[in-house]
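Asks: Got start_12.txt for you, compact mmCIF, C-alpha atoms:
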```txt
# COMPACT_ATOMS: atom_id res chain seq x y z
CA MET A 228 20.05 -26.80 -3.49
CA LEU A 229 22.48 -23.90 -3.64
CA GLY A 230 21.80 -20.30 -4.62
CA LEU A 231 23.99 -17.58 -6.06
CA LEU A 232 24.16 -13.94 -4.99
CA PHE A 233 24.53 -11.13 -7.50
CA ALA A 234 25.06 -7.44 -6.72
CA SER A 235 22.48 -6.27 -9.27
CA ASP A 236 19.40 -7.11 -7.20
CA ILE A 237 16.99 -4.19 -6.67
CA GLY A 238 13.39 -3.75 -5.61
CA CYS A 239 10.72 -2.06 -7.73
CA GLY A 240 7.48 -0.54 -6.67
CA ASN A 241 5.36 2.24 -5.42
CA SER A 242 7.28 5.36 -6.48
CA ASN A 243 8.15 7.09 -9.73
CA ALA A 244 11.49 8.16 -8.26
CA SER A 245 14.57 6.48 -9.69
CA ILE A 246 15.71 3.35 -7.88
CA ASP A 247 19.27 4.12 -6.88
CA ALA A 248 19.88 2.29 -3.63
CA ALA A 249 20.25 -1.40 -2.93
CA PRO A 250 18.09 -2.59 -0.05
CA THR A 251 19.62 -3.51 3.27
CA GLY A 252 20.97 -7.06 3.17
CA ASP A 253 22.08 -7.15 -0.49
CA SER A 254 25.78 -7.85 -0.83
CA GLY A 255 28.02 -6.20 -3.38
CA GLY A 256 31.04 -7.60 -5.20
CA ASP A 257 31.49 -9.68 -8.33
CA ALA A 258 32.04 -13.13 -6.85
CA PRO A 259 28.91 -15.26 -6.31
CA ILE A 260 28.28 -16.39 -2.76
CA VAL A 261 27.07 -19.91 -2.01
CA GLY A 262 24.53 -20.07 0.77
CA PRO A 263 23.22 -22.83 3.02
CA ALA A 264 20.33 -25.01 1.99
CA ILE A 265 16.93 -23.66 2.98
CA VAL A 266 14.55 -25.37 5.37
CA VAL A 267 10.91 -25.78 4.27
CA ASN A 268 8.90 -28.11 6.47
CA GLN A 269 5.23 -28.74 5.64
CA GLY A 270 4.97 -25.47 3.78
CA VAL A 271 6.73 -23.39 6.46
CA TRP A 272 10.01 -21.72 5.49
CA THR A 273 12.34 -20.96 8.39
CA PRO A 274 14.89 -18.60 6.83
CA ASN A 275 18.64 -18.81 7.28
CA ARG A 276 19.88 -15.53 8.74
CA ASP A 277 23.17 -13.67 8.78
CA GLY A 278 24.81 -11.97 11.75
CA ASN A 279 22.56 -8.91 11.36
CA GLY A 280 19.38 -10.97 11.40
CA ASP A 281 18.73 -10.48 7.68
CA VAL A 282 17.58 -13.43 5.60
CA VAL A 283 20.56 -14.94 3.77
CA VAL A 284 19.92 -13.73 0.24
CA THR A 285 20.51 -17.15 -1.36
CA ASP A 286 17.43 -18.45 0.47
CA PHE A 287 15.16 -16.63 -1.96
CA SER A 288 16.41 -18.40 -5.09
CA GLN A 289 15.94 -21.77 -3.38
CA LEU A 290 12.26 -21.30 -2.56
CA PRO A 291 9.93 -23.71 -4.40
CA LEU A 292 8.86 -22.25 -7.74
CA GLN A 293 5.31 -20.86 -7.94
CA GLN A 294 4.30 -22.33 -4.60
CA TRP A 295 3.34 -20.28 -1.56
CA VAL A 296 5.06 -20.86 1.77
CA THR A 297 4.58 -19.20 5.13
CA VAL A 298 7.48 -17.73 7.07
CA GLY A 299 8.30 -19.44 10.34
CA GLY A 300 9.91 -17.95 13.42
CA ALA A 301 9.30 -14.94 15.64
CA LEU A 302 7.80 -11.62 14.48
CA THR A 303 6.17 -13.02 11.35
CA LYS A 304 2.63 -11.77 12.10
CA LEU A 305 1.26 -8.28 12.57
CA ARG A 306 -0.27 -9.55 15.81
CA ASP A 307 3.27 -10.19 17.11
CA VAL A 308 3.88 -6.43 17.29
CA GLU A 309 0.38 -5.30 18.35
CA PRO A 310 0.52 -2.37 20.77
CA LEU A 311 -1.10 -3.14 24.10
CA PRO A 312 -3.49 -2.76 25.81
CA PRO A 313 -6.12 -3.26 23.09
CA TYR A 314 -8.03 -0.20 21.87
CA PRO A 315 -11.81 -0.53 21.53
CA SER A 316 -13.68 -0.52 18.24
CA GLY A 317 -17.26 0.54 17.69
CA TYR A 318 -18.31 -3.12 17.57
CA GLY A 319 -16.22 -4.92 20.19
CA PRO A 320 -13.32 -4.89 22.61
CA SER A 321 -10.49 -4.48 20.07
CA GLY A 322 -10.21 -3.12 16.55
CA PHE A 323 -6.62 -4.17 15.85
CA ALA A 324 -7.65 -6.94 13.44
CA ASN A 325 -9.28 -4.32 11.25
CA ILE A 326 -6.04 -2.64 10.22
CA THR A 327 -6.19 -5.30 7.51
CA ALA A 328 -9.78 -6.59 7.61
CA ALA A 329 -11.47 -3.17 7.23
CA TRP A 330 -10.41 -2.50 3.64
CA GLY A 331 -6.82 -1.93 4.67
CA GLY A 332 -3.98 -1.56 2.20
CA ALA A 333 -0.30 -0.74 2.41
CA ALA A 334 2.39 1.49 0.96
CA TRP A 335 5.52 -0.08 -0.55
CA ASP A 336 9.02 1.19 0.19
CA HIS A 337 10.92 -0.15 -2.82
CA GLU A 338 14.31 1.15 -1.64
CA HIS A 339 14.31 -0.81 1.62
CA LEU A 340 11.79 -3.51 0.60
CA ARG A 341 9.28 -2.72 3.34
CA MET A 342 5.50 -2.95 3.23
CA LEU A 343 3.94 -0.25 5.45
CA ILE A 344 0.50 -1.07 6.88
CA SER A 345 -1.79 1.37 8.68
CA GLY A 346 -5.49 2.10 9.02
CA GLY A 347 -8.59 0.48 10.43
CA GLY A 348 -11.45 2.68 9.46
CA HIS A 349 -14.43 4.35 11.09
CA GLY A 350 -16.07 2.22 13.76
CA ASP A 351 -14.05 -0.87 12.86
CA ALA A 352 -11.11 0.38 14.94
CA SER A 353 -10.46 3.13 17.39
CA ALA A 354 -9.83 6.49 15.77
CA ALA A 355 -6.48 6.47 17.60
CA GLU A 356 -5.40 3.08 16.13
CA THR A 357 -2.89 4.95 13.97
CA GLU A 358 0.21 2.81 14.30
CA ILE A 359 2.31 1.94 11.23
CA ILE A 360 3.67 -1.59 11.00
CA ALA A 361 6.42 -2.52 8.55
CA VAL A 362 6.70 -5.95 6.98
CA ASP A 363 10.40 -6.12 6.14
CA ALA A 364 11.11 -8.34 3.12
CA VAL A 365 14.87 -8.29 3.82
CA ARG A 366 14.38 -9.67 7.33
CA MET A 367 11.00 -11.36 6.74
CA GLU A 368 9.79 -9.85 10.00
CA THR A 369 7.17 -7.41 11.21
CA LYS A 370 8.09 -4.30 13.18
CA LEU A 371 6.15 -1.46 14.80
CA VAL A 372 7.75 1.65 13.24
CA VAL A 373 5.29 4.37 14.35
CA ASP A 374 3.32 4.04 17.58
CA ARG A 375 -0.42 4.71 17.81
CA GLN A 376 -1.85 7.90 19.27
CA PRO A 377 -3.27 8.15 22.81
CA LEU A 378 -6.79 6.86 23.15
CA ASN A 379 -8.01 10.15 24.63
CA SER A 380 -6.79 12.05 21.53
CA ALA A 381 -9.86 11.01 19.52
CA LEU A 382 -12.43 13.65 18.61
CA ARG A 383 -16.03 13.42 17.49
CA LEU A 384 -17.99 15.89 15.41
CA ASN A 385 -20.83 17.39 17.46
CA GLY A 386 -22.78 19.67 15.15
CA THR A 387 -20.11 21.98 13.77
CA MET A 388 -17.47 21.49 16.44
CA LEU A 389 -15.05 18.72 17.29
CA GLU A 390 -15.03 17.60 20.90
CA PRO A 391 -13.28 14.81 22.83
CA GLY A 392 -14.71 11.41 21.90
CA GLU A 393 -12.46 8.73 23.32
CA GLY A 394 -11.94 5.77 21.02
CA PHE A 395 -14.60 5.58 18.35
CA PRO A 396 -15.28 9.15 17.11
CA GLY A 397 -18.49 8.68 15.13
CA GLY A 398 -17.05 7.24 11.97
CA TYR A 399 -15.94 10.12 9.77
CA ASN A 400 -12.14 10.20 9.92
CA ASN A 401 -12.11 13.25 12.17
CA PRO A 402 -8.63 14.55 12.96
CA LEU A 403 -7.29 13.70 16.41
CA SER A 404 -6.48 16.42 18.90
CA THR A 405 -2.79 15.67 18.33
CA GLY A 406 -3.03 16.79 14.69
CA VAL A 407 -2.89 13.23 13.35
CA PRO A 408 -5.57 11.92 10.96
CA GLY A 409 -7.83 9.36 12.59
CA SER A 410 -7.62 5.71 11.61
CA ASN A 411 -9.59 5.08 8.41
CA HIS A 412 -9.98 2.65 5.53
CA THR A 413 -6.76 2.95 3.54
CA TYR A 414 -7.53 0.91 0.40
CA GLU A 415 -4.82 1.96 -2.12
CA GLY A 416 -4.66 5.42 -0.56
CA ILE A 417 -1.31 5.48 1.25
CA VAL A 418 1.93 6.21 -0.60
CA TRP A 419 5.55 5.85 0.46
CA LEU A 420 7.73 8.93 -0.07
CA PRO A 421 11.48 8.31 -0.57
CA PRO A 422 14.03 10.21 1.54
CA SER A 423 14.90 12.40 -1.46
CA GLU A 424 11.29 13.58 -1.68
CA MET A 425 11.08 14.26 2.05
CA GLN A 426 14.23 16.37 1.82
CA THR A 427 12.74 18.32 -1.10
CA LEU A 428 9.76 19.05 1.12
CA GLY A 429 12.05 20.31 3.86
CA LEU A 430 11.25 17.29 6.05
CA VAL A 431 14.58 15.63 6.64
CA ALA A 432 14.25 11.86 6.68
CA PRO A 433 17.61 10.53 5.56
CA ASN A 434 16.99 6.87 6.24
CA ARG A 435 13.40 5.67 5.85
CA GLY A 436 11.53 8.49 4.06
CA GLY A 437 7.89 9.25 4.76
CA MET A 438 4.34 8.13 4.07
CA PHE A 439 1.37 10.04 2.68
CA TYR A 440 -1.81 9.11 4.52
CA GLY A 441 -5.09 9.62 2.66
CA GLY A 442 -8.73 9.44 3.63
CA GLY A 443 -10.81 12.34 4.87
CA ALA A 444 -7.67 13.92 6.34
CA LYS A 445 -4.35 14.15 4.54
CA ALA A 446 -0.96 14.04 6.21
CA VAL A 447 2.65 12.97 5.79
CA VAL A 448 4.40 11.03 8.53
CA ASN A 449 8.18 11.04 8.85
CA LEU A 450 9.19 7.38 9.21
CA ASP A 451 12.47 8.27 10.90
CA ASP A 452 11.00 10.12 13.89
CA GLY A 453 7.35 9.03 13.71
CA LYS A 454 6.05 12.59 13.58
CA TYR A 455 3.14 13.74 11.40
CA THR A 456 2.87 17.02 9.58
CA LYS A 457 -0.19 19.16 10.17
CA LEU A 458 -2.99 17.49 8.31
CA HIS A 459 -5.11 18.69 5.44
CA TRP A 460 -8.71 18.20 6.44
CA ASN A 461 -11.10 18.86 3.58
CA ARG A 462 -14.72 18.00 4.29
CA ASN A 463 -15.90 19.28 0.91
CA TYR A 464 -14.17 16.41 -0.88
CA PHE A 465 -14.87 13.68 1.63
CA ASP A 466 -15.17 10.34 -0.18
CA ILE A 467 -14.46 7.09 1.60
CA SER A 468 -15.09 4.74 -1.30
CA TYR A 469 -12.52 2.98 -3.49
CA LEU A 470 -9.85 5.44 -2.50
CA THR A 471 -6.55 5.32 -4.37
CA ALA A 472 -3.49 7.54 -4.39
CA VAL A 473 -0.39 7.84 -6.57
CA ARG A 474 2.54 10.25 -6.60
CA TRP A 475 3.85 12.08 -9.63
CA LYS A 476 6.89 14.23 -8.85
CA HIS A 477 5.69 16.49 -5.98
CA THR A 478 1.95 15.90 -6.38
CA ILE A 479 -0.35 13.31 -4.85
CA ILE A 480 -3.17 12.36 -7.23
CA MET A 481 -6.26 10.64 -5.82
CA PRO A 482 -8.76 9.25 -8.36
CA ARG A 483 -12.15 8.74 -6.73
CA SER A 484 -15.18 6.52 -7.21
CA SER A 485 -16.91 9.32 -9.03
CA PHE A 486 -15.65 11.22 -12.05
CA TYR A 487 -12.86 13.36 -10.69
CA ALA A 488 -9.43 13.13 -9.10
CA ALA A 489 -8.31 15.29 -6.19
CA ARG A 490 -4.73 16.56 -6.21
CA PHE A 491 -2.49 17.70 -3.36
CA ASP A 492 0.68 19.69 -3.91
CA LEU A 493 3.28 18.39 -1.49
CA LEU A 494 5.30 21.59 -1.83
CA GLY A 495 2.43 23.92 -0.87
CA THR A 496 0.85 24.98 2.39
CA GLU A 497 -2.54 26.46 3.15
CA MET A 498 -5.14 26.84 5.89
CA THR A 499 -7.44 23.84 5.94
CA ASP A 500 -11.22 23.88 6.03
CA TRP A 501 -11.42 22.53 9.55
CA GLN A 502 -8.83 24.96 10.86
CA THR A 503 -10.53 28.04 9.47
CA SER A 504 -13.87 26.75 10.78
CA GLY A 505 -12.61 26.64 14.33
CA TYR A 506 -11.91 22.92 14.51
CA ASP A 507 -8.20 23.43 15.20
CA PRO A 508 -7.06 24.66 18.62
CA THR A 509 -4.16 26.46 16.82
CA PRO A 510 -5.79 27.87 13.66
CA THR A 511 -2.86 30.12 12.82
CA THR A 512 -0.64 27.12 12.00
CA PRO A 513 -0.56 26.45 8.25
CA SER A 514 -1.30 22.98 6.97
CA PHE A 515 0.71 20.69 4.79
CA GLY A 516 -0.43 20.25 1.18
CA ALA A 517 -2.33 22.73 -0.97
CA ASN A 518 -5.49 21.36 -2.55
CA LEU A 519 -5.14 21.89 -6.32
CA PRO A 520 -8.07 22.11 -8.77
CA THR A 521 -9.47 18.67 -9.44
CA MET A 522 -9.10 16.77 -12.67
CA SER A 523 -12.22 15.21 -14.17
CA MET A 524 -13.15 12.56 -16.71
CA ASN A 525 -16.25 11.27 -18.43
CA ARG A 526 -16.04 7.79 -16.93
CA GLU A 527 -15.85 6.28 -13.47
CA PHE A 528 -12.34 4.99 -13.14
CA VAL A 529 -12.11 3.38 -9.71
CA GLY A 530 -15.00 1.23 -8.53
CA GLY A 531 -16.19 -1.90 -6.77
CA GLY A 532 -15.00 -5.26 -8.06
CA ARG A 533 -12.15 -3.65 -10.01
CA VAL A 534 -8.47 -4.13 -9.34
CA PHE A 535 -6.26 -1.07 -9.37
CA CYS A 536 -2.54 -1.09 -10.18
CA ASP A 537 -0.04 1.76 -10.19
CA LEU A 538 2.77 1.69 -12.76
CA PRO A 539 4.75 4.46 -11.05
CA GLU A 540 7.87 4.49 -13.20
CA ARG A 541 5.65 4.94 -16.26
CA GLY A 542 3.33 7.51 -14.66
CA GLU A 543 0.38 5.24 -15.47
CA MET A 544 -2.31 3.37 -13.58
CA VAL A 545 -4.71 0.69 -14.72
CA SER A 546 -8.13 -0.39 -13.56
CA PHE A 547 -9.02 -3.98 -14.43
CA ALA A 548 -12.74 -4.50 -14.89
CA ALA A 549 -15.24 -5.50 -17.59
CA ALA A 550 -13.77 -2.59 -19.55
CA SER A 551 -10.14 -2.26 -18.47
CA ALA A 552 -8.41 1.08 -18.95
CA ARG A 553 -5.01 2.68 -18.54
CA ILE A 554 -4.68 6.30 -17.47
CA ARG A 555 -1.45 8.19 -18.22
CA TYR A 556 -1.65 10.34 -15.11
CA GLY A 557 1.95 11.56 -15.35
CA ALA A 558 1.39 13.06 -18.79
CA ALA A 559 -1.92 14.55 -17.67
CA GLN A 560 -0.31 16.14 -14.62
CA ASP A 561 2.63 17.50 -16.63
CA ALA A 562 0.18 19.10 -19.05
CA ASN A 563 -1.95 20.39 -16.14
CA ALA A 564 -4.90 19.04 -18.09
CA ALA A 565 -8.35 19.90 -16.79
CA THR A 566 -9.68 16.48 -17.79
CA TRP A 567 -8.14 13.06 -18.19
CA ASP A 568 -10.28 12.00 -21.15
CA ALA A 569 -7.44 12.37 -23.68
CA TYR A 570 -5.16 10.35 -21.41
CA VAL A 571 -7.36 7.25 -21.07
CA ASP A 572 -6.48 4.20 -23.20
CA ALA A 573 -8.77 1.21 -23.57
CA ILE A 574 -6.93 -2.05 -22.84
CA THR A 575 -7.79 -5.38 -24.44
CA LEU A 576 -6.99 -8.45 -22.35
CA THR A 577 -6.13 -11.61 -24.23
CA GLY A 578 -4.28 -14.85 -23.64
CA PRO A 579 -5.04 -18.12 -21.85
CA GLY A 580 -6.02 -16.49 -18.57
CA ALA A 581 -8.16 -13.65 -19.91
CA ALA A 582 -11.50 -15.45 -19.80
CA ASP A 583 -11.04 -16.28 -16.13
CA PHE A 584 -9.77 -12.80 -15.20
CA THR A 585 -13.06 -11.39 -13.94
CA ALA A 586 -14.23 -9.18 -11.10
CA ASP A 587 -16.06 -12.10 -9.49
CA ASN A 588 -12.86 -14.14 -9.35
CA LEU A 589 -10.75 -11.28 -8.01
CA LYS A 590 -12.95 -10.02 -5.19
CA ASP A 591 -14.10 -11.83 -2.07
CA ALA A 592 -16.11 -14.99 -2.39
CA GLY A 593 -19.05 -13.04 -0.99
CA THR A 594 -20.92 -10.08 -2.44
CA ASN A 595 -18.81 -7.27 -0.98
CA LEU A 596 -18.14 -5.01 -3.95
CA LEU A 597 -15.53 -2.97 -2.08
CA SER A 598 -13.18 -5.93 -1.87
CA GLN A 599 -10.46 -5.63 -4.49
CA GLY A 600 -7.54 -7.97 -5.03
CA GLY A 601 -3.92 -6.87 -4.97
CA ALA A 602 -1.75 -6.01 -7.97
CA HIS A 603 1.90 -5.05 -8.35
CA TYR A 604 3.91 -3.82 -11.32
CA VAL A 605 7.55 -4.86 -11.78
CA HIS A 606 9.22 -2.27 -13.97
CA ALA A 607 12.42 -4.27 -14.51
CA THR A 608 10.48 -6.98 -16.36
CA GLY A 609 7.44 -5.02 -17.55
CA GLU A 610 5.00 -7.36 -15.81
CA ILE A 611 1.96 -6.98 -13.59
CA TYR A 612 1.10 -9.66 -11.06
CA VAL A 613 -2.47 -9.82 -9.75
CA CYS A 614 -3.44 -11.55 -6.50
CA PRO A 615 -7.12 -12.41 -5.83
CA ASN A 616 -8.59 -12.51 -2.32
CA PRO A 617 -10.05 -16.01 -1.77
CA LYS A 618 -8.13 -19.02 -0.48
CA ASP A 619 -6.99 -21.40 -3.26
CA ALA A 620 -7.36 -18.73 -5.97
CA GLU A 621 -4.36 -18.57 -8.30
CA LEU A 622 -2.22 -15.62 -9.35
CA TYR A 623 -2.22 -13.96 -12.76
CA ARG A 624 0.72 -12.54 -14.71
CA ILE A 625 0.10 -9.79 -17.28
CA THR A 626 2.58 -8.84 -19.97
CA GLY A 627 2.63 -6.51 -22.97
CA VAL A 628 2.05 -3.26 -21.08
CA ASP A 629 3.80 -1.25 -23.82
CA THR A 630 0.86 -2.00 -26.13
CA ALA A 631 -2.94 -1.74 -25.97
CA THR A 632 -3.34 -5.54 -25.92
CA TRP A 633 -2.16 -7.21 -22.75
CA THR A 634 -1.63 -10.96 -22.29
CA VAL A 635 -3.05 -12.61 -19.18
CA THR A 636 -1.63 -15.90 -17.92
CA LYS A 637 -3.00 -17.76 -14.93
CA LEU A 638 -0.16 -19.28 -12.92
CA ALA A 639 -1.10 -22.88 -12.22
CA GLY A 640 -0.21 -24.17 -8.78
CA THR A 641 -0.11 -20.75 -7.11
CA GLY A 642 -3.27 -21.29 -5.05
CA LEU A 643 -3.42 -18.94 -2.07
CA LEU A 644 -3.01 -20.37 1.41
CA THR A 645 -5.50 -18.05 3.14
CA THR A 646 -8.39 -15.71 2.39
CA SER A 647 -7.85 -11.97 2.60
CA GLY A 648 -11.17 -10.68 3.89
CA ASN A 649 -12.41 -7.35 2.56
CA GLY A 650 -9.65 -6.96 0.01
CA THR A 651 -5.91 -7.22 -0.44
CA TYR A 652 -5.01 -3.88 -2.07
CA GLY A 653 -1.35 -2.99 -1.40
CA ARG A 654 -0.73 -5.98 0.87
CA PHE A 655 0.56 -7.99 -2.09
CA VAL A 656 3.93 -6.89 -3.48
CA VAL A 657 6.52 -8.27 -5.89
CA PHE A 658 10.25 -7.58 -5.71
CA GLN A 659 13.53 -9.02 -6.95
CA ARG A 660 16.07 -10.78 -4.77
CA ASN A 661 19.19 -12.70 -5.78
CA GLY A 662 18.02 -12.87 -9.40
CA SER A 663 14.59 -14.24 -8.41
CA THR A 664 11.18 -12.59 -8.58
CA ILE A 665 9.50 -12.90 -5.19
CA GLY A 666 5.89 -12.24 -4.16
CA MET A 667 4.92 -11.37 -0.57
CA ARG A 668 1.43 -11.15 0.91
CA ILE A 669 -0.23 -10.26 4.21
CA SER A 670 -3.80 -11.57 4.45
CA SER A 671 -4.64 -10.71 8.08
CA VAL A 672 -3.08 -9.68 11.37
CA ASP A 673 -3.11 -13.30 12.56
CA ASN A 674 -1.70 -15.07 9.49
CA PRO A 675 2.10 -15.12 9.04
CA ILE A 676 3.92 -13.55 6.11
CA GLU A 677 3.29 -15.52 2.92
CA VAL A 678 5.99 -15.74 0.22
CA ILE A 679 6.22 -17.19 -3.28
CA ARG A 680 9.05 -17.44 -5.83
CA LEU A 681 7.49 -16.45 -9.15
CA LYS A 682 10.63 -16.82 -11.30
```
Would it be possible to restate this file's structure as structure tokens?

Replies:
Amino acid sequence: MLGLLFASDIGCGNSNASIDAAPTGDSGGDAPIVGPAIVVNQGVWTPNRDGNGDVVVTDFSQLPLQQWVTVGGALTKLRDVEPLPPYPSGYGPSGFANITAAWGGAAWDHEHLRMLISGGGHGDASAAETEIIAVDAVRMETKLVVDRQPLNSALRLNGTMLEPGEGFPGGYNNPLSTGVPGSNHTYEGIVWLPPSEMQTLGLVAPNRGGMFYGGGAKAVVNLDDGKYTKLHWNRNYFDISYLTAVRWKHTIIMPRSSFYAARFDLLGTEMTDWQTSGYDPTPTTPSFGANLPTMSMNREFVGGGRVFCDLPERGEMVSFAAASARIRYGAAQDANAATWDAYVDAITLTGPGAADFTADNLKDAGTNLLSQGGAHYVHATGEIYVCPNPKDAELYRITGVDTATWTVTKLAGTGLLTTSGNGTYGRFVVFQRNGSTIGMRISSVDNPIEVIRLK
């Protein structure tokens, strides 16, 4: 089977910035290019590659329709790029597996088609397990893009002071002595920042942009040089549960499991709580990100068993649950509204897959209410794809997002190859390649990249 290459392919995803750059590996020109036949053997796709090591773009349009395959070859697992030696967790010799298993999500770089994974959380991984691993959809490979911090950089809170606490720091996302936020559960709480946004912030990152890191401490890491800004450590608003984050223009908005959303101005600086309390060895250094007044609402938006999806180009997010709702966060932020109540729209789910689209089917097979499936919005087609956690569960496609009644279709034959323990979150993405709509998933550090052609 032969595929055709068109120059119009772009990726969509986790940013409300305009998409103005083709990802590495797309070819320009008007003439279609015929590629070699793909090789899929017993469900394992071994990609054809060009001279740069990129997957030949015609491979994507030849993948079996609505059927998952795993990617064969070197560097297809997060474990393949694990930094060594292993760092300890609070419960065993190594916490590396928990960068996905401990409620770990990912940010999506839609310009370069890279999934950025980081985290670990509390005692599940060392506080210094702060590496960032990219899953490159152009190359279908994993790569360590930011190294972890030294093990002896961890701190633990002893009364009111932070002191050295090698490895596991006591479980509260304390900042490391290097000024980097400790490894924590990331959920949907990390956000990719395009190079244009980094330059606006005065942090030059001409190639790969940056990443906002949430949790108890807030920071931005420059993905070109691997350096973090000074962090924003705010113990007054500490909330580890169901954390999400979105970006609207120069503001990070973080809806919480309670009835408010914290906001951080990326253009501002201020002294942080922990610095002014003597927790910082250099308290005269200003921090990155002013904490703006919170927004509130009269309903809990993000919670256990729900699936969260950002629609960044629309400035909207949706929470799928027994009572699904859309929040127009961009309009609320532009109006500097004190509450979001006027910006919440009830969503009715209908269609052949609506009855089966329940919290019980989207979370883990067990009773862990924290475990949310993954969801990704494709602006070019106006669709949302939702990926449950359990093995053999099938994907859902949601259409009609311009209205208040959305149609849910369950995609027969798309049964998942593996279980994603303790949630999927941002580790399921959808992008376009060679005229095809492609899904990509990471379920654990030991399972290879999983790919599906959706259209």

Asks: My list of candidates is A:Arg474, A:Val571, A:Gly270, A:Asp277. Which is closest to Gln294 (chain A) when distances are computed with only C-alpha atoms?

Replies: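 That would be A:Gly270, the residue with the smallest distance to Gln294 (chain A).
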
Asks: Could you tell me how far CA of Ala602 (chain A) sits from CA of Ala328 (chain A), in Å to one decimal place?

Replies: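 Here the two named atoms are 17.5 Å from each other.
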
Asks: In terms of the shortest atom-to-atom distance over only C-alpha atoms, which of A:Tyr570, A:Leu343, A:Pro310, A:Thr427 is closest to Arg375 (chain A)?

Replies: A:Pro310

Asks: For CA of Leu638 (chain A) and CA of Gly416 (chain A), quote the distance in Å rounded to one decimal.

Replies: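 Taking CA of Leu638 (chain A) as the start and CA of Gly416 (chain A) as the end point, the length is 28.0 Å.
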
Asks: Which is closest to Ile480 (chain A) among A:Asn434, A:Ser647, A:Asn449, A:Gln560, if we use only C-alpha atoms?

Replies: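 Selected residue with least distance to Ile480 (chain A): A:Gln560.
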
Asks: For Tyr652 (chain A), list every protein, DNA or RNA residue within 7 Å, evaluated using all atoms listed in the file, and leave out those in the same chain fewer than 2 positions away; present the list as an MDAnalysis selection string.

Replies: chainID A and resid 332 414:415 599:601 650 654:655

Asks: Residues as selected, C-alpha atoms, written as an mmCIF file, in the frame of the given file, can you do that?

Replies:
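Result saved to result-v9.cif:
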```cif
data_model
loop_
_atom_site.group_PDB
_atom_site.id
_atom_site.type_symbol
_atom_site.label_atom_id
_atom_site.label_comp_id
_atom_site.auth_asym_id
_atom_site.auth_seq_id
_atom_site.Cartn_x
_atom_site.Cartn_y
_atom_site.Cartn_z
ATOM 1 C CA GLY A 332 -3.980 -1.560 2.200
ATOM 2 C CA TYR A 414 -7.530 0.910 0.400
ATOM 3 C CA GLU A 415 -4.820 1.960 -2.120
ATOM 4 C CA GLN A 599 -10.460 -5.630 -4.490
ATOM 5 C CA GLY A 600 -7.540 -7.970 -5.030
ATOM 6 C CA GLY A 601 -3.920 -6.870 -4.970
ATOM 7 C CA GLY A 650 -9.650 -6.960 0.010
ATOM 8 C CA ARG A 654 -0.730 -5.980 0.870
ATOM 9 C CA PHE A 655 0.560 -7.990 -2.090
#
```

Asks: Could you check which of A:Ala334, A:Met522, A:Val407, A:Val605 is closest to Thr626 (chain A), using only C-alpha atoms?

Replies: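 Checking each candidate against Thr626 (chain A), we get A:Val605 as the closest.
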
Asks: So the first atom is CA of Asp286 (chain A) and the second is CA of Lys637 (chain A); what is the distance between them in Å, to one decimal place?

Replies: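 Computing it gives 25.6 Å between the two atoms.
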
Asks: With distances taken over only C-alpha atoms, which residue among A:Thr273, A:Gln659, A:Ser551, A:Gln293 lies nearest Thr641 (chain A)?

Replies: A:Gln293

Asks: Env of region 612-618 of chain A: 8 Å cut, atoms = all atoms listed in the file, seq-sep filter 2 positions within chain, self excluded. Answer as JSON, numbers by chain.

Replies: {"A": [588, 589, 590, 591, 592, 599, 600, 601, 602, 603, 604, 610, 620, 621, 622, 623, 624, 625, 642, 643, 644, 645, 646, 647, 648, 650, 651, 655, 657]}

Asks: Restricting the calculation to only C-alpha atoms: of A:Glu338, A:Glu390, A:Asp363, A:Glu358, which residue gets closest to Trp419 (chain A)?

Replies: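 When distances to Trp419 (chain A) are compared using only C-alpha atoms, the smallest one comes from A:Glu338.
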
Asks: Neighbouring residues of region 296-300 of chain A were defined as those with any atom within 8 Å, considering only C-alpha atoms; residues of the same chain fewer than 5 positions away were excluded. Please report them as an MDAnalysis selection string.

Replies: chainID A and resid 270:274 367 675:679

Asks: If we draw a sphere of 12 Å around (6.9, 21.8, -2.9), which residues have at least one atom in it when counting all atoms listed in the file? Please report them as number ranges by chain.

Replies: A: 424-430, 476-479, 491-496, 515-517

Asks: List every protein, DNA or RNA residue that has an atom no more than 8 Å from (-15.5, 1.6, 10.1) in the file's coordinate frame, counting only C-alpha atoms, and report them as a ChimeraX atom specification.

Replies: /A:317,329,347-352,398,411-412

Asks: May I have the residues within 7 Å of Ala631 (chain A) as an MDAnalysis selection string, using all atoms listed in the file and disregarding those fewer than 4 positions away in the same chain?

Replies: chainID A and resid 573:575
